[in-house]
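Printed here is data_31.txt (compact mmCIF, C-alpha atoms):
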# COMPACT_ATOMS: atom_id res chain seq x y z
CA MET A 939 -101.71 54.86 15.14
CA ALA A 940 -100.36 56.20 11.97
CA GLU A 941 -97.72 57.88 14.06
CA ASP A 942 -96.81 54.61 15.66
CA ASN A 943 -96.33 53.08 12.26
CA ALA A 944 -94.28 55.97 11.10
CA THR A 945 -91.98 55.84 14.08
CA SER A 946 -91.55 52.17 13.96
CA THR A 947 -90.80 52.02 10.27
CA GLY A 948 -89.29 55.37 9.54
CA SER A 949 -86.83 55.71 12.37
CA THR A 950 -84.68 52.62 11.65
CA PRO A 951 -81.94 53.23 9.17
CA PRO A 952 -81.56 50.76 6.37
CA THR A 953 -79.07 48.01 7.18
CA THR A 954 -76.08 47.56 4.92
CA LEU A 955 -73.70 44.63 5.05
CA ALA A 956 -70.24 45.50 6.22
CA THR A 957 -67.56 44.21 3.87
CA ASP A 958 -63.94 43.35 4.78
CA PRO A 959 -61.47 45.37 2.71
CA ALA A 960 -59.14 42.31 2.44
CA GLN A 961 -61.88 40.31 0.80
CA THR A 962 -62.54 42.93 -1.78
CA THR A 963 -58.91 43.22 -3.02
CA THR A 964 -57.84 41.39 -6.12
CA PRO A 965 -56.38 37.88 -5.65
CA ILE A 966 -52.53 37.54 -5.51
CA ASP A 967 -50.77 35.93 -8.48
CA THR A 968 -48.44 33.47 -6.72
CA GLU A 969 -46.60 32.56 -9.88
CA GLN A 970 -45.69 36.17 -10.52
CA VAL A 971 -44.53 36.61 -6.91
CA ALA A 972 -42.39 33.49 -7.17
CA THR A 973 -40.89 34.66 -10.46
CA GLU A 974 -40.09 38.09 -9.01
CA ALA A 975 -38.53 36.53 -5.89
CA ARG A 976 -36.44 34.19 -8.05
CA THR A 977 -35.29 37.09 -10.22
CA GLU A 978 -34.31 39.14 -7.15
CA LEU A 979 -32.41 36.19 -5.70
CA LEU A 980 -30.54 35.60 -8.97
CA LYS A 981 -29.62 39.28 -9.20
CA SER A 982 -28.38 39.27 -5.60
CA LEU A 983 -26.12 36.33 -6.55
CA GLY A 984 -24.90 38.14 -9.66
CA PHE A 985 -26.87 36.29 -12.35
CA ASP A 986 -29.26 37.67 -14.91
CA ASN A 987 -31.29 34.49 -15.31
CA GLU A 988 -31.51 30.83 -14.33
CA ASP A 989 -29.59 29.67 -17.40
CA ASP A 990 -26.53 31.65 -16.28
CA LEU A 991 -26.69 30.01 -12.86
CA LYS A 992 -27.12 26.54 -14.40
CA GLY A 993 -24.11 27.20 -16.65
CA VAL A 994 -21.95 28.07 -13.65
CA VAL A 995 -23.10 24.98 -11.74
CA GLU A 996 -22.45 22.72 -14.75
CA GLN A 997 -18.98 24.21 -15.24
CA HIS A 998 -18.25 23.72 -11.54
CA ASN A 999 -19.32 20.08 -11.76
CA LYS A 1000 -17.08 19.56 -14.81
CA ASP A 1001 -14.15 21.16 -13.00
CA VAL A 1002 -14.70 18.94 -9.96
CA ALA A 1003 -14.84 15.83 -12.18
CA ALA A 1004 -11.66 16.89 -14.01
CA ASN A 1005 -9.87 17.54 -10.71
CA GLN A 1006 -11.04 14.18 -9.38
CA SER A 1007 -9.69 12.40 -12.48
CA ALA A 1008 -6.38 14.24 -12.17
CA LEU A 1009 -6.21 13.39 -8.48
CA GLU A 1010 -6.90 9.71 -9.15
CA SER A 1011 -4.26 9.72 -11.87
CA LYS A 1012 -1.68 11.32 -9.57
CA SER A 1013 -2.63 8.90 -6.81
CA GLY A 1014 -2.03 5.96 -9.18
CA GLU A 1015 1.35 7.40 -10.17
CA LEU A 1016 2.26 7.86 -6.51
CA ASP A 1017 1.32 4.24 -5.73
CA LYS A 1018 3.53 3.02 -8.60
CA ALA A 1019 6.43 5.20 -7.49
CA THR A 1020 6.06 4.06 -3.88
CA SER A 1021 6.00 0.40 -4.96
CA LYS A 1022 9.07 0.89 -7.14
CA LEU A 1023 10.89 2.66 -4.31
CA ALA A 1024 10.02 -0.16 -1.90
CA LYS A 1025 11.40 -2.74 -4.37
CA GLU A 1026 14.59 -0.75 -4.93
CA THR A 1027 15.04 -0.25 -1.18
CA SER A 1028 14.57 -3.97 -0.59
CA ARG A 1029 17.06 -4.78 -3.35
CA ALA A 1030 19.61 -2.33 -1.90
CA ASP A 1031 19.13 -3.74 1.61
CA THR A 1032 19.65 -7.27 0.29
CA ALA A 1033 22.82 -6.25 -1.56
CA GLU A 1034 24.20 -4.51 1.55
CA ALA A 1035 23.41 -7.58 3.65
CA GLN A 1036 25.18 -9.84 1.15
CA VAL A 1037 28.27 -7.62 1.19
CA ALA A 1038 28.24 -7.60 5.00
CA ALA A 1039 27.95 -11.40 5.05
CA LEU A 1040 30.81 -11.87 2.60
CA LYS A 1041 32.99 -9.46 4.60
CA GLN A 1042 32.39 -11.59 7.68
CA GLY A 1043 33.52 -14.67 5.78
CA VAL A 1044 30.22 -16.37 5.00
CA ASP A 1045 30.74 -19.05 2.36
CA ALA A 1046 28.82 -18.42 -0.89
CA ASP A 1047 27.04 -21.77 -0.48
CA HIS A 1048 25.61 -20.65 2.86
CA LEU A 1049 24.95 -17.02 2.00
CA SER A 1050 21.17 -17.26 1.69
CA ASP A 1051 20.85 -19.35 4.88
CA ALA A 1052 23.03 -16.97 6.89
CA LEU A 1053 21.11 -13.93 5.61
CA ALA A 1054 17.74 -15.51 6.34
CA LEU A 1055 18.74 -16.26 9.93
CA ALA A 1056 20.32 -12.82 10.36
CA LYS A 1057 17.21 -11.05 9.04
CA ALA A 1058 15.03 -13.11 11.38
CA ASP A 1059 17.26 -12.16 14.34
CA LEU A 1060 17.18 -8.52 13.27
CA ALA A 1061 13.39 -8.50 12.91
CA SER A 1062 12.88 -10.09 16.33
CA LYS A 1063 15.74 -8.06 17.87
CA ALA A 1064 17.16 -11.34 19.20
CA ASN A 1065 20.01 -10.76 21.67
CA GLY A 1066 19.52 -7.01 21.22
CA VAL A 1067 20.89 -6.89 17.65
CA LYS A 1068 20.31 -3.60 15.85
CA THR A 1069 22.27 -3.98 12.62
CA ILE A 1070 22.70 -6.68 9.99
CA ASP A 1071 26.40 -6.92 10.94
CA GLU A 1072 25.53 -7.72 14.56
CA ALA A 1073 22.90 -10.24 13.45
CA LEU A 1074 25.35 -11.95 11.07
CA ALA A 1075 27.99 -12.14 13.82
CA GLY A 1076 25.48 -13.94 16.05
CA VAL A 1077 24.46 -16.33 13.25
CA LEU A 1078 28.10 -17.17 12.48
CA GLU A 1079 28.81 -17.74 16.16
CA ARG A 1080 25.99 -20.29 16.30
CA ASN A 1081 26.80 -21.76 12.87
CA PRO A 1082 30.56 -21.64 12.25
CA ALA A 1083 30.14 -24.02 9.29
CA PHE A 1084 28.54 -21.10 7.38
CA LYS A 1085 32.06 -19.68 7.03
CA GLY A 1086 33.14 -22.85 5.24
CA VAL A 1087 36.26 -22.83 7.42
CA GLU A 1088 36.98 -26.53 7.05
CA ALA A 1089 36.58 -26.48 3.27
CA ALA A 1090 38.56 -23.27 2.83
CA GLN A 1091 41.54 -24.80 4.63
CA GLY A 1092 41.68 -27.62 2.10
CA THR A 1093 41.37 -30.34 4.70
CA ALA A 1094 41.59 -33.89 3.57
CA VAL A 1095 38.52 -35.96 3.00
CA ALA A 1096 39.16 -39.56 3.89
CA GLY A 1097 42.91 -39.16 3.36
CA GLN A 1098 42.61 -37.27 0.05
CA ASN A 1099 43.15 -33.55 -0.50
CA LEU A 1100 40.35 -32.43 -2.77
CA SER A 1101 41.55 -28.86 -3.24
CA GLY A 1102 44.25 -29.83 -5.71
CA GLY A 1103 41.92 -31.68 -8.03
CA GLN A 1104 44.53 -34.42 -8.41
CA GLY A 1105 43.79 -37.68 -10.15
CA ASN A 1106 41.42 -40.18 -8.64
CA VAL A 1107 39.51 -39.22 -5.51
CA THR A 1108 38.41 -41.98 -3.22
CA VAL A 1109 34.80 -42.02 -2.14
CA PRO A 1110 34.66 -40.75 1.46
CA ASP A 1111 32.35 -41.80 4.25
CA LEU A 1112 30.02 -38.78 4.55
CA SER A 1113 29.20 -39.63 8.16
CA LYS A 1114 32.84 -39.09 9.13
CA ILE A 1115 33.50 -35.75 7.44
CA SER A 1116 32.36 -32.20 8.27
CA TYR A 1117 29.56 -30.40 6.54
CA GLY A 1118 32.05 -27.99 4.98
CA GLU A 1119 34.12 -30.85 3.58
CA ALA A 1120 31.01 -32.48 2.15
CA ALA A 1121 29.94 -29.18 0.56
CA LYS A 1122 33.35 -28.75 -1.03
CA LEU A 1123 33.29 -32.33 -2.29
CA LYS A 1124 29.88 -31.73 -3.85
CA LEU A 1125 31.09 -28.52 -5.49
CA GLU A 1126 34.43 -29.79 -6.81
CA HIS A 1127 33.67 -33.48 -7.42
CA PRO A 1128 29.91 -33.94 -7.90
CA ASP A 1129 30.29 -37.51 -9.20
CA VAL A 1130 32.33 -38.58 -6.17
CA TYR A 1131 29.80 -36.86 -3.91
CA LYS A 1132 26.95 -38.81 -5.53
CA GLN A 1133 28.82 -42.04 -4.97
CA ALA A 1134 29.42 -41.07 -1.33
CA VAL A 1135 25.73 -40.37 -0.83
CA LYS A 1136 24.85 -43.67 -2.45
CA LYS A 1137 27.39 -45.46 -0.23
CA LEU A 1138 25.94 -43.75 2.86
CA THR A 1139 22.33 -44.63 2.02
CA ASN A 1140 23.16 -48.26 1.18
CA ASN A 1141 24.81 -48.86 4.59

Can the structure from this file be put into structure tokens for me?
Amino acid sequence: MAEDNATSTGSTPPTTLATDPAQTTTPIDTEQVATEARTELLKSLGFDNEDDLKGVVEQHNKDVAANQSALESKSGELDKATSKLAKETSRADTAEAQVAALKQGVDADHLSDALALAKADLASKANGVKTIDEALAGVLERNPAFKGVEAAQGTAVAGQNLSGGQGNVTVPDLSKISYGEAAKLKLEHPDVYKQAVKKLTNN
């Protein structure tokens, strides 16, 4: 019986708890790992520390802002130059159109009307016109009075020749004279023209 006790108690080895080697290692310092990783990254980018990197980023941002300001300034100057060029081009076009109209015999009194109609024809390509000269020719064909032909010939108004500016001028009947004659009367004898208008409106 003593043997039984001895075998039962003496033959079993003492039990020891198995420990995991991972659990027994020292805990990892995450802050130190992060710092080391950051340092390695900075060195791979060519920087000694974060302040150097921040300095480069700040300088880049300043450069971008300066370039943006310069670009906006140049853009403003370009807008002004473009606007000025457009005005000068418009002025030159108007002057060329006026010269073309005068060459075709448009009377100075009808210059703006003839040009307005010619520009409208040119813009709408009416009758296939492609130049201001062609447009003016069409306008003058439709409106021969724009040439002031009657007035330029010094035709008589109600029996009086107004081109000589002689003495008394009788008041004409505006309904019986041409537009050109009336325009010349208004230009050369404004008082007589007023009387003619008054006479016409009173009838």

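Shortest atom-to-atom contact with Arg1080 of chain A among A:Asp990, A:Lys1068, A:Ala1061, A:Ala1056: A:Ala1056, counting only C-alpha atoms.
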
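Here atom CA of Ser1116 of chain A and atom CA of Leu1074 of chain A stand 21.6 Å from one another.
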
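Nearest to Val1077 of chain A of all the residues A:Ser1062, A:Asp1001, A:Gln1133, A:Ala1039 is A:Ala1039, counting all atoms listed in the file.
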
Once you count only C-alpha atoms, which residues end up no further than 12 Å from (17.0, -10.9, 6.8) in the file's frame, shown as a ChimeraX atom specification? /A:1028-1029,1031-1036,1038-1039,1049-1063,1069-1074,1077
